[in-house]
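One structure is given here, and the rest of the page talks about it.
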Amino acid sequence: MFPSLFISHGSPMLALEPGASGPALARLATGLPKPKAIVIVSAHWESNELLVNGNPLPETWHDFGGFPAALFAVQYPAPGEPQLATEVVDLLKADGLAASIDAKRPFDHGVWVPLSLMYPRADIPVVQISLPSRQGPALQTRVGRAVASLREHGVLLIGSGSITHNLRELDWHAGPESVEPWAKAFRDWVIDKLAANDEAALHDYRQQAPHAVRSHPSDEHLLPLYFARGAGGEFSIAHQGFTMGALGMDIYRFG
């Protein structure tokens, strides 16, 4: 059975400057059988309701600005899989979650940046589930559990976000050894609660975790963690690190 994964996808420049995360993602991929498909939740597809990407040929969306031309030239031409998208919708509905197909959605960088480092041939079908971010962590836990059975059928489930994400606090010149204490304290609290399987505390992280609002001024980059946890099994750490002083680059495995 495949695990589920939480990936901190960092800056879009990770696609060109993979640092320590790129090799960690590549090792993770080579240590698994090749998936038949990937189902992913990205921090960069926020929505009001649950949507599932049924686009058979999603374009590579460079949903950012101010980066080098070489980054805008990167393409990730993985196919979609409309049949699997329909199956995902059916699983969500079976759990009482209303969901529908979006047949035109492209791949945002929360999808193609980490996948380009894991599966650079772009030959594995990818289906994306949207992130109703206003509905918080508990919904994402439920969405993960609703589709967890796909792991038994050769499907890799991924949540792509960031363990800390406050762009205003970043030092773009900081080396990997430079870590802000508040960001580390938050990251360590999350790890402790994941290891203890303390779902109630995790769902209430904005009240209970140290420096929660500073680490995540808004929810969307942490919420994919709850999808991965809900979809998976036993927690373990695949990679740890920070970049730019406060941008967490951790990768977690569930199962």
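Residues in the structure tokens are named by chain (A, B, ... in the order shown) and by number from 1 within that chain; ligands are numbered from 1 in the order shown.
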
Test item: residues at most 7 Å from region 51-60 of chain A, only C-alpha atoms, excluding those fewer than 6 positions along its chain, as a CSV table (one decimal) with N, CA and C atoms, in the first residue's frame:
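Result saved to result.csv:
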chain,number,residue,atom,x,y,z
A,75,GLN,N,8.0,23.3,-18.1
A,75,GLN,CA,6.7,22.7,-18.4
A,75,GLN,C,6.6,21.4,-17.7
A,76,TYR,N,5.4,21.0,-17.2
A,76,TYR,CA,5.2,19.7,-16.6
A,76,TYR,C,3.9,19.1,-17.2
A,77,PRO,N,4.1,18.4,-18.4
A,77,PRO,CA,3.0,18.0,-19.2
A,77,PRO,C,2.4,16.6,-18.8
A,79,PRO,N,-0.4,14.0,-17.8
A,79,PRO,CA,-1.8,14.0,-18.1
A,79,PRO,C,-2.7,14.0,-16.9
A,80,GLY,N,-3.9,14.4,-17.1
A,80,GLY,CA,-5.0,14.2,-16.1
A,80,GLY,C,-5.5,12.8,-16.3
A,81,GLU,N,-6.5,12.5,-15.4
A,81,GLU,CA,-7.2,11.2,-15.6
A,81,GLU,C,-8.7,11.4,-15.2
A,82,PRO,N,-9.5,11.8,-16.2
A,82,PRO,CA,-10.9,12.1,-15.9
A,82,PRO,C,-11.7,11.0,-15.2
A,85,ALA,N,-10.8,11.1,-11.6
A,85,ALA,CA,-11.4,12.3,-11.1
A,85,ALA,C,-12.9,12.0,-10.7
A,89,VAL,N,-14.6,12.0,-6.9
A,89,VAL,CA,-15.9,12.7,-6.6
A,89,VAL,C,-16.9,11.7,-6.0
A,99,ALA,N,-19.2,17.4,-4.0
A,99,ALA,CA,-18.0,17.7,-4.8
A,99,ALA,C,-18.5,17.6,-6.3
A,100,SER,N,-17.7,18.3,-7.1
A,100,SER,CA,-18.0,18.3,-8.6
A,100,SER,C,-16.7,18.5,-9.4
A,101,ILE,N,-16.8,18.2,-10.7
A,101,ILE,CA,-15.7,18.2,-11.6
A,101,ILE,C,-15.4,19.6,-12.1
A,102,ASP,N,-14.2,20.0,-12.1
A,102,ASP,CA,-13.7,21.2,-12.9
A,102,ASP,C,-12.9,20.7,-14.1
A,103,ALA,N,-13.4,20.8,-15.3
A,103,ALA,CA,-12.8,20.2,-16.5
A,103,ALA,C,-11.7,21.1,-17.1
A,104,LYS,N,-11.4,22.3,-16.5
A,104,LYS,CA,-10.5,23.2,-17.2
A,104,LYS,C,-9.3,23.6,-16.4
A,105,ARG,N,-9.2,23.1,-15.2
A,105,ARG,CA,-8.2,23.6,-14.2
A,105,ARG,C,-6.8,23.2,-14.7
A,106,PRO,N,-5.8,24.2,-14.7
A,106,PRO,CA,-4.4,23.8,-15.0
A,106,PRO,C,-3.7,23.4,-13.7
A,107,PHE,N,-2.4,23.0,-13.9
A,107,PHE,CA,-1.6,22.6,-12.7
A,107,PHE,C,-1.0,23.9,-12.1
A,108,ASP,N,-1.3,24.2,-10.9
A,108,ASP,CA,-0.6,25.4,-10.2
A,108,ASP,C,0.8,24.9,-9.7
A,127,VAL,N,-4.4,14.0,-10.6
A,127,VAL,CA,-5.7,14.5,-10.4
A,127,VAL,C,-5.6,15.4,-9.1
A,128,GLN,N,-6.1,16.6,-9.2
A,128,GLN,CA,-6.0,17.6,-8.1
A,128,GLN,C,-7.4,17.8,-7.5
A,129,ILE,N,-7.4,17.8,-6.1
A,129,ILE,CA,-8.6,18.2,-5.4
A,129,ILE,C,-8.4,19.6,-4.9
A,130,SER,N,-9.4,20.4,-4.9
A,130,SER,CA,-9.3,21.8,-4.5
A,130,SER,C,-9.3,21.9,-3.0

Selection near His62 (chain A), 12 Å with only C-alpha atoms, sequence-local residues under 5 positions removed, as a ChimeraX atom specification: /A:12-13,15,44,67-76,106-113

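Picture a line from CA of His211 (chain A) to CA of Gly10 (chain A); it runs 19.5 Å.
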
Shell around Leu131 (chain A) at 10 Å using only C-alpha atoms, local window under 5 positions removed, as a compact mmCIF listing (two decimals) with N, CA, C and O atoms, in the first residue's frame:
# COMPACT_ATOMS: atom_id res chain seq x y z
N VAL A 41 -3.59 17.58 -3.22
CA VAL A 41 -4.21 18.83 -2.75
C VAL A 41 -3.09 19.86 -2.64
O VAL A 41 -2.09 19.62 -1.97
N SER A 42 -3.25 21.01 -3.29
CA SER A 42 -2.27 22.09 -3.26
C SER A 42 -2.83 23.29 -2.53
O SER A 42 -4.02 23.61 -2.64
N ALA A 43 -1.95 24.00 -1.84
CA ALA A 43 -2.34 25.25 -1.17
C ALA A 43 -2.80 26.31 -2.16
O ALA A 43 -3.43 27.29 -1.76
N HIS A 44 -2.50 26.12 -3.44
CA HIS A 44 -2.75 27.17 -4.42
C HIS A 44 -4.01 26.97 -5.25
O HIS A 44 -4.19 27.63 -6.27
N TRP A 45 -4.87 26.04 -4.82
CA TRP A 45 -6.20 25.98 -5.44
C TRP A 45 -7.24 26.11 -4.34
O TRP A 45 -7.83 25.15 -3.88
N GLU A 46 -7.44 27.34 -3.88
CA GLU A 46 -8.46 27.59 -2.88
C GLU A 46 -9.82 27.73 -3.55
O GLU A 46 -9.92 28.26 -4.67
N SER A 47 -10.84 27.27 -2.89
CA SER A 47 -12.19 27.28 -3.46
C SER A 47 -13.21 27.38 -2.34
O SER A 47 -12.88 27.20 -1.17
N ASN A 48 -14.43 27.67 -2.72
CA ASN A 48 -15.52 27.67 -1.73
C ASN A 48 -16.04 26.27 -1.49
O ASN A 48 -16.36 25.89 -0.36
N GLU A 49 -16.17 25.48 -2.57
CA GLU A 49 -16.68 24.12 -2.48
C GLU A 49 -15.61 23.15 -2.98
O GLU A 49 -14.64 23.55 -3.62
N LEU A 50 -15.81 21.87 -2.70
CA LEU A 50 -14.87 20.85 -3.17
C LEU A 50 -15.01 20.67 -4.67
O LEU A 50 -16.09 20.40 -5.19
N LEU A 51 -13.88 20.79 -5.36
CA LEU A 51 -13.80 20.56 -6.80
C LEU A 51 -12.70 19.55 -7.07
O LEU A 51 -11.72 19.47 -6.32
N VAL A 52 -12.85 18.81 -8.16
CA VAL A 52 -11.84 17.82 -8.55
C VAL A 52 -11.49 18.08 -10.01
O VAL A 52 -12.37 18.25 -10.86
N GLY A 136 -11.37 25.00 7.04
CA GLY A 136 -10.43 24.62 8.07
C GLY A 136 -9.90 23.20 8.04
O GLY A 136 -10.18 22.41 7.13
N LEU A 139 -12.13 19.62 7.81
CA LEU A 139 -12.61 19.19 6.49
C LEU A 139 -11.52 18.46 5.74
O LEU A 139 -11.77 17.41 5.12
N GLN A 140 -10.29 18.96 5.80
CA GLN A 140 -9.21 18.31 5.07
C GLN A 140 -8.91 16.92 5.63
O GLN A 140 -8.59 15.99 4.87
N VAL A 143 -11.60 14.83 4.09
CA VAL A 143 -11.36 14.58 2.65
C VAL A 143 -10.29 13.50 2.49
O VAL A 143 -10.43 12.58 1.67
N GLU A 220 -4.02 28.36 4.40
CA GLU A 220 -4.02 27.51 3.21
C GLU A 220 -2.76 26.65 3.04
O GLU A 220 -2.85 25.53 2.50
N HIS A 221 -1.60 27.10 3.51
CA HIS A 221 -0.39 26.29 3.28
C HIS A 221 -0.21 25.16 4.30
O HIS A 221 0.56 24.24 4.05
N LEU A 223 -3.06 23.50 5.54
CA LEU A 223 -4.21 22.59 5.38
C LEU A 223 -3.89 21.31 4.59
O LEU A 223 -4.44 20.25 4.92
N PRO A 224 -3.03 21.33 3.58
CA PRO A 224 -2.72 20.07 2.90
C PRO A 224 -2.10 19.01 3.81
O PRO A 224 -2.19 17.81 3.53
N PHE A 227 -4.95 16.87 4.98
CA PHE A 227 -5.34 15.92 3.94
C PHE A 227 -4.42 14.70 3.97
O PHE A 227 -4.89 13.55 3.98

DSSP on the backbone: which residues in region 37-179 of chain A end up as strand (DSSP E or B)? Give the answer as a tab-separated table (two decimals) with N, CA, C and O atoms, in the first residue's frame.
chain	number	residue	atom	x	y	z
A	37	ALA	N	-1.23	6.56	-10.47
A	37	ALA	CA	-1.73	7.93	-10.56
A	37	ALA	C	-1.39	8.65	-9.26
A	37	ALA	O	-1.03	8.01	-8.25
A	38	ILE	N	-1.52	9.96	-9.30
A	38	ILE	CA	-1.30	10.80	-8.13
A	38	ILE	C	-2.54	11.65	-7.91
A	38	ILE	O	-3.08	12.23	-8.86
A	39	VAL	N	-3.00	11.70	-6.67
A	39	VAL	CA	-4.07	12.62	-6.28
A	39	VAL	C	-3.47	13.61	-5.29
A	39	VAL	O	-2.86	13.21	-4.29
A	40	ILE	N	-3.62	14.89	-5.57
A	40	ILE	CA	-2.90	15.91	-4.81
A	40	ILE	C	-3.82	17.06	-4.42
A	40	ILE	O	-4.71	17.45	-5.17
A	41	VAL	N	-3.59	17.58	-3.22
A	41	VAL	CA	-4.21	18.83	-2.75
A	41	VAL	C	-3.09	19.86	-2.64
A	41	VAL	O	-2.09	19.62	-1.97
A	42	SER	N	-3.25	21.01	-3.29
A	42	SER	CA	-2.27	22.09	-3.26
A	42	SER	C	-2.83	23.29	-2.53
A	42	SER	O	-4.02	23.61	-2.64
A	43	ALA	N	-1.95	24.00	-1.84
A	43	ALA	CA	-2.34	25.25	-1.17
A	43	ALA	C	-2.80	26.31	-2.16
A	43	ALA	O	-3.43	27.29	-1.76
A	44	HIS	N	-2.50	26.12	-3.44
A	44	HIS	CA	-2.75	27.17	-4.42
A	44	HIS	C	-4.01	26.97	-5.25
A	44	HIS	O	-4.19	27.63	-6.27
A	45	TRP	N	-4.87	26.04	-4.82
A	45	TRP	CA	-6.20	25.98	-5.44
A	45	TRP	C	-7.24	26.11	-4.34
A	45	TRP	O	-7.83	25.15	-3.88
A	46	GLU	N	-7.44	27.34	-3.88
A	46	GLU	CA	-8.46	27.59	-2.88
A	46	GLU	C	-9.82	27.73	-3.55
A	46	GLU	O	-9.92	28.26	-4.67
A	50	LEU	N	-15.81	21.87	-2.70
A	50	LEU	CA	-14.87	20.85	-3.17
A	50	LEU	C	-15.01	20.67	-4.67
A	50	LEU	O	-16.09	20.40	-5.19
A	51	LEU	N	-13.88	20.79	-5.36
A	51	LEU	CA	-13.80	20.56	-6.80
A	51	LEU	C	-12.70	19.55	-7.07
A	51	LEU	O	-11.72	19.47	-6.32
A	52	VAL	N	-12.85	18.81	-8.16
A	52	VAL	CA	-11.84	17.82	-8.55
A	52	VAL	C	-11.49	18.08	-10.01
A	52	VAL	O	-12.37	18.25	-10.86
A	53	ASN	N	-10.18	18.13	-10.28
A	53	ASN	CA	-9.72	18.47	-11.63
A	53	ASN	C	-9.91	17.29	-12.58
A	53	ASN	O	-9.22	16.28	-12.48
A	60	THR	N	0.58	23.74	-17.66
A	60	THR	CA	1.46	24.15	-16.56
A	60	THR	C	1.26	25.64	-16.32
A	60	THR	O	1.61	26.47	-17.16
A	99	ALA	N	-19.22	17.40	-4.01
A	99	ALA	CA	-18.05	17.67	-4.85
A	99	ALA	C	-18.47	17.62	-6.30
A	99	ALA	O	-19.42	16.93	-6.66
A	100	SER	N	-17.74	18.34	-7.14
A	100	SER	CA	-18.02	18.34	-8.57
A	100	SER	C	-16.73	18.45	-9.36
A	100	SER	O	-15.66	18.75	-8.81
A	101	ILE	N	-16.83	18.23	-10.67
A	101	ILE	CA	-15.67	18.23	-11.56
A	101	ILE	C	-15.43	19.64	-12.10
A	101	ILE	O	-16.34	20.35	-12.49
A	102	ASP	N	-14.15	20.02	-12.14
A	102	ASP	CA	-13.69	21.19	-12.89
A	102	ASP	C	-12.89	20.65	-14.07
A	102	ASP	O	-11.81	20.09	-13.88
A	107	PHE	N	-2.41	22.97	-13.85
A	107	PHE	CA	-1.60	22.62	-12.69
A	107	PHE	C	-0.96	23.88	-12.12
A	107	PHE	O	-0.16	24.54	-12.79
A	126	VAL	N	-2.19	12.82	-13.06
A	126	VAL	CA	-2.35	13.61	-11.83
A	126	VAL	C	-3.77	14.16	-11.77
A	126	VAL	O	-4.26	14.75	-12.75
A	127	VAL	N	-4.41	13.97	-10.62
A	127	VAL	CA	-5.74	14.53	-10.36
A	127	VAL	C	-5.63	15.40	-9.12
A	127	VAL	O	-5.09	14.97	-8.09
A	128	GLN	N	-6.12	16.62	-9.21
A	128	GLN	CA	-6.03	17.56	-8.10
A	128	GLN	C	-7.40	17.79	-7.47
A	128	GLN	O	-8.40	17.91	-8.17
A	129	ILE	N	-7.41	17.83	-6.14
A	129	ILE	CA	-8.60	18.19	-5.38
A	129	ILE	C	-8.41	19.60	-4.85
A	129	ILE	O	-7.34	19.95	-4.35
A	130	SER	N	-9.45	20.41	-4.94
A	130	SER	CA	-9.34	21.80	-4.48
A	130	SER	C	-9.31	21.88	-2.96
A	130	SER	O	-9.55	20.90	-2.25
A	131	LEU	N	-9.04	23.09	-2.48
A	131	LEU	CA	-8.87	23.34	-1.05
A	131	LEU	C	-9.90	24.37	-0.60
A	131	LEU	O	-9.70	25.58	-0.77
A	155	VAL	N	-2.41	4.36	-6.03
A	155	VAL	CA	-2.50	5.82	-6.15
A	155	VAL	C	-1.74	6.46	-4.99
A	155	VAL	O	-1.94	6.11	-3.83
A	156	LEU	N	-0.87	7.40	-5.33
A	156	LEU	CA	-0.12	8.16	-4.33
A	156	LEU	C	-0.88	9.43	-3.99
A	156	LEU	O	-1.24	10.20	-4.88
A	157	LEU	N	-1.15	9.65	-2.71
A	157	LEU	CA	-1.89	10.82	-2.24
A	157	LEU	C	-0.91	11.81	-1.62
A	157	LEU	O	-0.08	11.45	-0.78
A	158	ILE	N	-1.01	13.07	-2.04
A	158	ILE	CA	-0.05	14.10	-1.62
A	158	ILE	C	-0.79	15.37	-1.20
A	158	ILE	O	-1.70	15.83	-1.89
A	159	GLY	N	-0.36	15.94	-0.08
A	159	GLY	CA	-0.73	17.29	0.30
A	159	GLY	C	0.47	18.19	0.09
A	159	GLY	O	1.55	17.91	0.62
A	160	SER	N	0.33	19.26	-0.67
A	160	SER	CA	1.45	20.14	-1.02
A	160	SER	C	1.20	21.53	-0.46
A	160	SER	O	0.29	22.24	-0.90
A	161	GLY	N	1.99	21.91	0.53
A	161	GLY	CA	1.83	23.21	1.18
A	161	GLY	C	3.15	23.67	1.76
A	161	GLY	O	4.17	23.71	1.07
A	179	VAL	N	17.73	29.69	11.07
A	179	VAL	CA	16.33	29.34	11.35
A	179	VAL	C	15.80	30.27	12.43
A	179	VAL	O	16.40	30.41	13.50

Alpha helix (DSSP H) positions in region 70-102 of chain A, given as a ChimeraX atom specification: /A:70-72,82-94

Which residue of A:Ala78, A:Leu25, A:Leu170, A:Val213 approaches Ser8 (chain A) most closely, using only C-alpha atoms: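 Residue with the minimum atom-to-atom distance to Ser8 (chain A): A:Leu25.
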
Contact residues around Arg187 (chain A) with only C-alpha atoms at 12 Å, ignoring same-chain residues under 4 positions, as a count of residues only: 35

Tell me, as a compact mmCIF listing (two decimals) with C-alpha atoms, in the first residue's frame, which residues lie within 12 Å of Ala26 (chain A), counting only C-alpha atoms; anything in the same chain fewer than 4 positions away does not count.
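The file below, result.txt, is the result:
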# COMPACT_ATOMS: atom_id res chain seq x y z
CA PRO A 18 16.26 22.22 -5.57
CA GLY A 19 18.65 22.62 -2.64
CA ALA A 20 18.28 19.81 -0.11
CA SER A 21 14.58 19.29 -0.81
CA GLY A 22 15.02 18.16 -4.41
CA THR A 30 12.62 6.14 -6.03
CA GLY A 31 11.92 4.38 -2.74
CA LEU A 32 8.30 3.77 -3.77
CA PRO A 114 7.35 19.18 -6.31
CA LEU A 115 6.24 16.63 -8.91
CA SER A 116 8.90 17.83 -11.35
CA LEU A 117 11.49 16.82 -8.77
CA MET A 118 9.84 13.52 -7.85
CA TYR A 119 8.71 12.33 -11.28
CA PRO A 120 10.54 14.47 -13.87
CA ALA A 238 11.20 12.11 5.44
CA HIS A 239 13.04 15.44 5.43
CA ILE A 251 8.38 16.45 4.16

Nearest to Leu5 (chain A), chosen from A:Pro137, A:Leu167, A:Leu28, A:Ala201, with only C-alpha atoms counted in the distances: A:Leu28

Computed interatomic separation between CA of Pro176 (chain A) and CA of Met244 (chain A) (Å):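 It comes out at 7.0 Å.
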